[in-house]
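Have a look at the structure below, then the notes.
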Amino acid sequence: MSKKKQSLILGALIGSAGIFLTKFIGMIYVIPFNALVGEGNMAFYSYAYRTYTYILNVSSAGFPFAIAALVAKYMVKDDYDTVLAIRRISFYIMSLFGMIGMFGLILMSTPLAQIVSPIDASIEYLNIVKTCYCIISLALFFVPVLSVYRGFYQGLKELTLYAQSQVVEQVVRVVFLLVAGFISVYVFKSNRIMAVYFAVLSTSIAAVVAIIQFVFRDRVVFKDLKEKANRKVTKDEYKRILNEMLQYALPYMIVSILGYSYFIIDMLVFNRTMGLRGEINADLIYGIINMNVDKLTSIPMAVAPGFSVAVVPYISASYEEKNYPQASRYVNEAIITSLYLALPLTLVLASLSKPLYYIFYGATYTELDGEILRWYSLDGLASTISPVITSITMALGLRKQNMKNVAIGIFIKLVSVVPLIYLLGYPGACLSSVIGTLSGCLLNFLDVNRRVEVPKRDFINSLSKIVLCLLFTQIVFVLGQKLGLVIVNQGRVIGLIQFIVLGGFGAVTYLISSFYFKLPQYILHKSTDELLTMIRLKRS
């Protein structure tokens, strides 16, 4: 096994880059896929994929985190026998969950098809939905097994491999569904529904390929760990490990399930409350938020998973070693770096909301679309920071506090959403989510600070510098639009070019100003000369 381990920030940046790339691919492939299967058939894919995602998240949430945290904990102790036992137990648990999920979805495919389908759906329509559920049920077995590998290597701090597996999985999925669909429809002249079936199957194919990638890496890592193991783990130790794993996983699973409450609350009250205030376009607005705006606000949210993945093994190991100053430094670095990356992306969503929406989705309702995106950029920022703080809280063993704080945030959302929507319209739904999410974050941060004191002076100083850099960037955006970079209604290709120019100037401004304030130097622990040397070497 390689002795070279990545730093927290480098590992987080690699993880974020991989996740960002997978999200970008996920946003782009929909265009050719929609043309391939036909707009009318997209619903079949959506039924299967959404149900699969929900079942998977509920059944496996928390266990990859528990695997990573425990592997990191026992690697610090050089207890390789326990590390291997954790891996073995994890495969049993996740394989069991996978089997239950797979057969459960197959057995429930008929009633589920009847529930999600329109009331007047034909027998043929119901059979297609049922078939999609049966095909995607395979993924409910393979993906949990893949999550064991990811959690294991996350705990070993091999975050490059973690990020690579996500990119490989997404690329394989998209290539398979497009190529197989194209061949079936245009070469063999099959019904377009075959392309939907291949798209649903692609999830399982991609997971298997990603598993094979880890199996090859296992030839070195697993062999090395087995050579270092020197005793047999007893039955009592297996019970202790399982109990410890459940102590880590169950709170995180509960938090993950609670996270869906924000969506469910909005789904239940949005249209009705908007109707009470006399809004006739409630369905249109809700559709824009869920179908288009959510995809764009996921851009800054790509930062969060990378740091959430990275902080777990590093902070868990430092805390286990009782190296509290190092744990404190990791907490500060993770939060500041995620803000350094997420805030400028949020600024783009807020300041250039109309141009950005126009480039991606056209100008049917330009004013309304842009305003909705501007408001929901705040929700995107809150949803970016929340997973990072949650992972830090859990890694420090504050599991009960985290559940309590998340529940408080949901309660705030629950009691505020109806009054705010009634008073403000759709911005009220956004603000209730932001207030609830940030309240939970703040409470978690205070608990973290009591466990390992965060250096307040460094934190406030770095945050102040980021805000100044954002101010300079916003000035560039305003001046650019006043000087003629209108973007909207210029034609989407011309608009894209103008957006790239304006965004490029903004990015350069942010980088230069942050470089002047020594933010990259602080985050990467490199001097200005060292960073300049690295840039020159990469250019050469």
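FYI, nothing fancy with the structure tokens labels: chains A, B, ... in order, residues from 1 per chain, ligands from 1 as they appear.
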
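For range 316-319 of chain A, the set of protein, DNA and RNA residues having any atom at most 7 Å away, when counting only C-alpha atoms and skipping those fewer than 5 positions along the same chain, is Ala69, Ala72, Lys73, Val76, Tyr324, Gln326, Ala327, Ala395 and Leu396 of chain A.
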
Written selection (C-alpha atoms) as a PDB file, in the first residue's frame:
ATOM      1  CA  ALA A  69     -14.364   6.687  10.063  1.00  0.00           C
ATOM      2  CA  ALA A  72      -9.218   5.661   9.684  1.00  0.00           C
ATOM      3  CA  LYS A  73      -9.513   5.103  13.449  1.00  0.00           C
ATOM      4  CA  VAL A  76      -3.991   5.047  13.263  1.00  0.00           C
ATOM      5  CA  TYR A 324      -6.814  18.307  19.182  1.00  0.00           C
ATOM      6  CA  GLN A 326      -4.455  19.265  14.430  1.00  0.00           C
ATOM      7  CA  ALA A 327      -8.157  18.375  14.447  1.00  0.00           C
ATOM      8  CA  ALA A 395     -16.277  12.748  12.712  1.00  0.00           C
ATOM      9  CA  LEU A 396     -15.772  14.309  16.156  1.00  0.00           C
TER      10      LEU A 396
END

message: So that I can see what lies close to Asn41 in chain A, please list as a ChimeraX atom specification the residues with an atom at most 10 Å from it, counting only C-alpha atoms and leaving out residues fewer than 6 positions away in the same chain.
response: /A:34,128,192-193,195-196

Using only C-alpha atoms, which protein or nucleic acid residues come within 7 Å of Phe141 in chain A? Drop anything in the same chain fewer than 3 positions from it, and give the result as a tab-separated table (two decimals) with C-alpha atoms, in the first residue's frame.
chain	number	residue	atom	x	y	z
A	95	SER	CA	-24.81	-7.10	0.39
A	98	GLY	CA	-28.63	-4.77	-1.54
A	99	MET	CA	-30.43	-8.12	-1.77
A	102	MET	CA	-33.34	-5.57	-5.09
A	138	LEU	CA	-30.09	-4.78	-10.06
A	144	PRO	CA	-24.20	-0.72	-2.01
A	145	VAL	CA	-21.29	-3.12	-2.63

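Near Ile412 in chain A, within 12 Å and counting only C-alpha atoms, sit Ser261, Tyr262, Ile265, Asn405, Val406, Ala407, Ile408, Ser416, Val417, Val418, Pro419, Leu420, Ala429, Leu431, Ser432, Ser433, Val434, Ile435, Gly436, Thr437, Leu438, Ser439 and Gly440 of chain A; same-chain residues fewer than 4 positions away were not included.
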
Please list as a PDB file with N, CA and C atoms, in the first residue's frame every residue within 8 Å of Lys226 in chain A, counting only C-alpha atoms and excluding residues in the same chain fewer than 2 positions away.
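And here's around.pdb as it stands now:
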ATOM      1  N   TYR A  80      -4.498  -3.710  11.954  1.00  0.00           N
ATOM      2  CA  TYR A  80      -4.893  -4.125  10.599  1.00  0.00           C
ATOM      3  C   TYR A  80      -5.921  -5.260  10.619  1.00  0.00           C
ATOM      4  N   ASP A  81      -5.881  -6.076  11.671  1.00  0.00           N
ATOM      5  CA  ASP A  81      -6.860  -7.157  11.782  1.00  0.00           C
ATOM      6  C   ASP A  81      -8.276  -6.584  11.897  1.00  0.00           C
ATOM      7  N   LEU A  84      -9.481  -5.130   8.547  1.00  0.00           N
ATOM      8  CA  LEU A  84      -9.990  -6.172   7.647  1.00  0.00           C
ATOM      9  C   LEU A  84     -11.338  -6.695   8.110  1.00  0.00           C
ATOM     10  N   PHE A 222      -5.083  -4.760  -0.379  1.00  0.00           N
ATOM     11  CA  PHE A 222      -5.610  -5.822   0.458  1.00  0.00           C
ATOM     12  C   PHE A 222      -4.515  -6.840   0.797  1.00  0.00           C
ATOM     13  N   LYS A 223      -3.673  -7.115  -0.172  1.00  0.00           N
ATOM     14  CA  LYS A 223      -2.552  -8.043   0.071  1.00  0.00           C
ATOM     15  C   LYS A 223      -1.625  -7.492   1.139  1.00  0.00           C
ATOM     16  N   ASP A 224      -1.351  -6.203   1.074  1.00  0.00           N
ATOM     17  CA  ASP A 224      -0.468  -5.564   2.052  1.00  0.00           C
ATOM     18  C   ASP A 224      -1.075  -5.617   3.451  1.00  0.00           C
ATOM     19  N   LYS A 228       0.191  -7.651   7.012  1.00  0.00           N
ATOM     20  CA  LYS A 228       0.442  -6.968   8.282  1.00  0.00           C
ATOM     21  C   LYS A 228      -0.420  -7.512   9.415  1.00  0.00           C
ATOM     22  N   ALA A 229      -1.548  -8.147   9.058  1.00  0.00           N
ATOM     23  CA  ALA A 229      -2.425  -8.713  10.089  1.00  0.00           C
ATOM     24  C   ALA A 229      -1.728  -9.906  10.736  1.00  0.00           C
TER      25      ALA A 229
END

task: Using CA of Lys456 in chain A and CA of Lys526 in chain A as the two end points, give the distance in Å to one decimal.
output: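 Separation of CA of Lys456 in chain A and CA of Lys526 in chain A: 21.5 Å.
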